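Here is the structure we will look at, set down as structure tokens.
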Amino acid sequence: MKKKTHDIVRLDDRLIYHGSYSLSAKAIKIIFYVIAKYINPKDTNKTLPIIDIPLKEIAVAITETDIAKKNNWSGSLYKSINEVCEEMSSTRIKFHSDVEVDGLKLKGFINLCSVFPRMINGEKYISFGFDPFMAQFLFGLTKYVLTYRPEVNRLKSGYSIRLFQMLKGHARKKAKFGAKVFRETYNVENLRFLFNVGNAYAEFKHFNNLVIKKCIKEINANTTIKILNVNKMKKGGARTTSHLEFVFTEQEPNENLLLTDSNSSKGFIPNESDIDKLSVAELQAYEMLVEFGVIKGIAYRKILPEIKGSESEGFEDYFIRFCLDHFKKWSTNQDNPKKAAATFVNWWTKNEIFDVTSDVWTMANEQIVEQKKQLLNKKSDAYQNRMIAKDMTYKEFSSWWKEQENNDKSEKTIDLDLKIKEN
């Protein structure tokens, strides 16, 4: 098997941000070890092998002990391994689906793995096999969360590992916009689903005190993610907290890093290298904002990174178009372009008109869903090309686009509702 680093783990975005499961820290560390050492995400075969792992390696993954210094394996450690193997083999990952029966959306369930003890040449092994459906989350990844195993190994709670991965993944995505301090908002009920807490911690105060706050304390003490603040949000007239906004950084907390109006200075104008990191839809969204009069630095660093929700991925221009249309319909400050642009920015950054907790954000996503359905029904080629484009930078997609045109024997135009500029 091809040798590779044992410290880096890559997991598909869907598994991190949409899969519901609950695993102990020990189980997660073993799984990460198996993925890091034995799974090559670039493998074109995409067949998950049955992996025979010496029991000593499993013990190391749990205890972080140098195997060369440990010759005696205690019964309690073996018992721990037996329990965690049983835990892994009985774990199912839940996903929401688009399938409805009598108005009720069905959930999808994927078994994580199977494990079985074996003796090979007189040595104790564990035969480890992922469920075949897990292949989609491990191979051919285009959108994934990269995790550094030694950092995860310092965490003792499975919930902490899960939240750490989510925040780390968002930081990686938004860092391309030059952000130093990140803000990510989660629906409390969705966090309950992702953490698979079931009926436990039914009241928000219990969930917050016994899960979220403990995660924050452990993450801050042991990882490069530093959570600076968690803002509680209430949607509409709700009495209880519906959303949590995490404010965090990948550096030590520093007041000077907090986003201020100085970010709109000329020094924050995106350069050519910054623009090259955008996808086609992100680039079109950026150009819409600039054309409307939004300062380039603000458009790139304060608005684009805050387009939230999976429905907008690959359709960022749809979201910005809705926001601009909504603003033009309801704002009274449109006497001149500069005033209108400044007011629009305030709607984003201060009034949070387009934040996930607002009804406007909900309306935007409902409209995007409908527009996507229409695009799929009326221009399926354009829709499929959108799906391809969302995982590529503008330059990557431009090259792919030209290759398709050159290979198109019928000389028909490849359908896409995105603008591709001629070089």
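Residue names in the structure tokens use chain letters A, B, ... in the order shown, residue numbers from 1 in each chain, and ligand numbers from 1 in the order shown.
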
**Q.** Exercise: Ile303 in chain A partners within 9 Å, only C-alpha atoms, chain neighbours under 4 positions left out, as a ChimeraX atom specification
**A.** /A:286,289,298-299,307,345,348-349

Q) Excluding same-chain residues fewer than 6 positions from Ser114 in chain A, what lies within 8 Å of it counting only C-alpha atoms, as a VMD selection string? A) chain A and resid 88 to 89 128 to 131

Using only C-alpha atoms, what does the table of range 287-364 of chain A residues within 10 Å of range 174-183 of chain A look like, with each row giving the shortest atom pair and its distance in Å to one decimal, sorted by chain and ascending number, as JSON lines?
```
{"residue": "A:Gly297", "atom": "CA", "partner": "A:Phe177", "partner_atom": "CA", "distance": 9.5}
{"residue": "A:Ala299", "atom": "CA", "partner": "A:Phe177", "partner_atom": "CA", "distance": 9.9}
{"residue": "A:Tyr300", "atom": "CA", "partner": "A:Phe177", "partner_atom": "CA", "distance": 6.3}
{"residue": "A:Arg301", "atom": "CA", "partner": "A:Phe177", "partner_atom": "CA", "distance": 5.3}
{"residue": "A:Lys302", "atom": "CA", "partner": "A:Ala179", "partner_atom": "CA", "distance": 8.4}
{"residue": "A:Ile303", "atom": "CA", "partner": "A:Phe177", "partner_atom": "CA", "distance": 9.9}
{"residue": "A:Leu304", "atom": "CA", "partner": "A:Phe177", "partner_atom": "CA", "distance": 8.1}
{"residue": "A:Pro305", "atom": "CA", "partner": "A:Lys174", "partner_atom": "CA", "distance": 5.7}
{"residue": "A:Glu306", "atom": "CA", "partner": "A:Arg183", "partner_atom": "CA", "distance": 8.1}
```

May I have the residues from that selection written out with N, CA and C atoms, as a CSV table (one decimal), in the first residue's frame?
```csv
chain,number,residue,atom,x,y,z
A,297,GLY,N,-13.1,46.0,-1.5
A,297,GLY,CA,-12.7,45.3,-0.3
A,297,GLY,C,-13.8,44.8,0.6
A,299,ALA,N,-16.9,44.2,-0.5
A,299,ALA,CA,-17.6,43.1,-1.3
A,299,ALA,C,-16.9,41.8,-1.1
A,300,TYR,N,-15.6,41.8,-1.2
A,300,TYR,CA,-14.8,40.6,-1.2
A,300,TYR,C,-14.6,40.0,0.2
A,301,ARG,N,-14.4,40.9,1.2
A,301,ARG,CA,-14.0,40.4,2.5
A,301,ARG,C,-15.1,40.4,3.6
A,302,LYS,N,-16.2,41.1,3.3
A,302,LYS,CA,-17.2,41.2,4.3
A,302,LYS,C,-18.6,40.6,3.8
A,303,ILE,N,-18.8,40.6,2.5
A,303,ILE,CA,-20.1,40.1,2.0
A,303,ILE,C,-20.0,38.7,1.5
A,304,LEU,N,-19.1,38.5,0.5
A,304,LEU,CA,-18.9,37.1,-0.1
A,304,LEU,C,-18.7,36.0,1.0
A,305,PRO,N,-17.9,36.2,2.0
A,305,PRO,CA,-17.7,35.1,3.0
A,305,PRO,C,-18.9,34.8,3.8
A,306,GLU,N,-19.9,35.8,3.8
A,306,GLU,CA,-21.0,35.7,4.7
A,306,GLU,C,-22.3,35.2,3.9
```

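Residue nearest Gln136 in chain A, chosen from A:Cys215, A:Leu11, A:Ile53, A:Leu283 and counting only C-alpha atoms: A:Leu11.
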
Q: Within 6 Å of range 357-373 of chain A, counting only C-alpha atoms, which residues show up once you throw out same-chain ones fewer than 3 positions away? Write them as a list in words, please.
A: Lys235, Phe354 and Leu376 of chain A

(Q) DSSP on the backbone, strand (DSSP E) only: what residues of range 81-254 of chain A does that give? Format it as JSON, numbers by chain. (A) {"A": [92, 93, 94, 95, 96, 97, 98, 99, 100, 101, 104, 105, 106, 107, 108, 109, 110, 111, 113, 114, 115, 116, 117, 118, 119, 120, 123, 124, 125, 126, 127, 128, 129, 130, 144, 145, 146, 147, 148, 181, 182, 183, 184, 185, 186, 187, 226, 227, 228, 229, 230, 231, 232, 233, 243, 244, 245, 246, 247, 248, 249]}
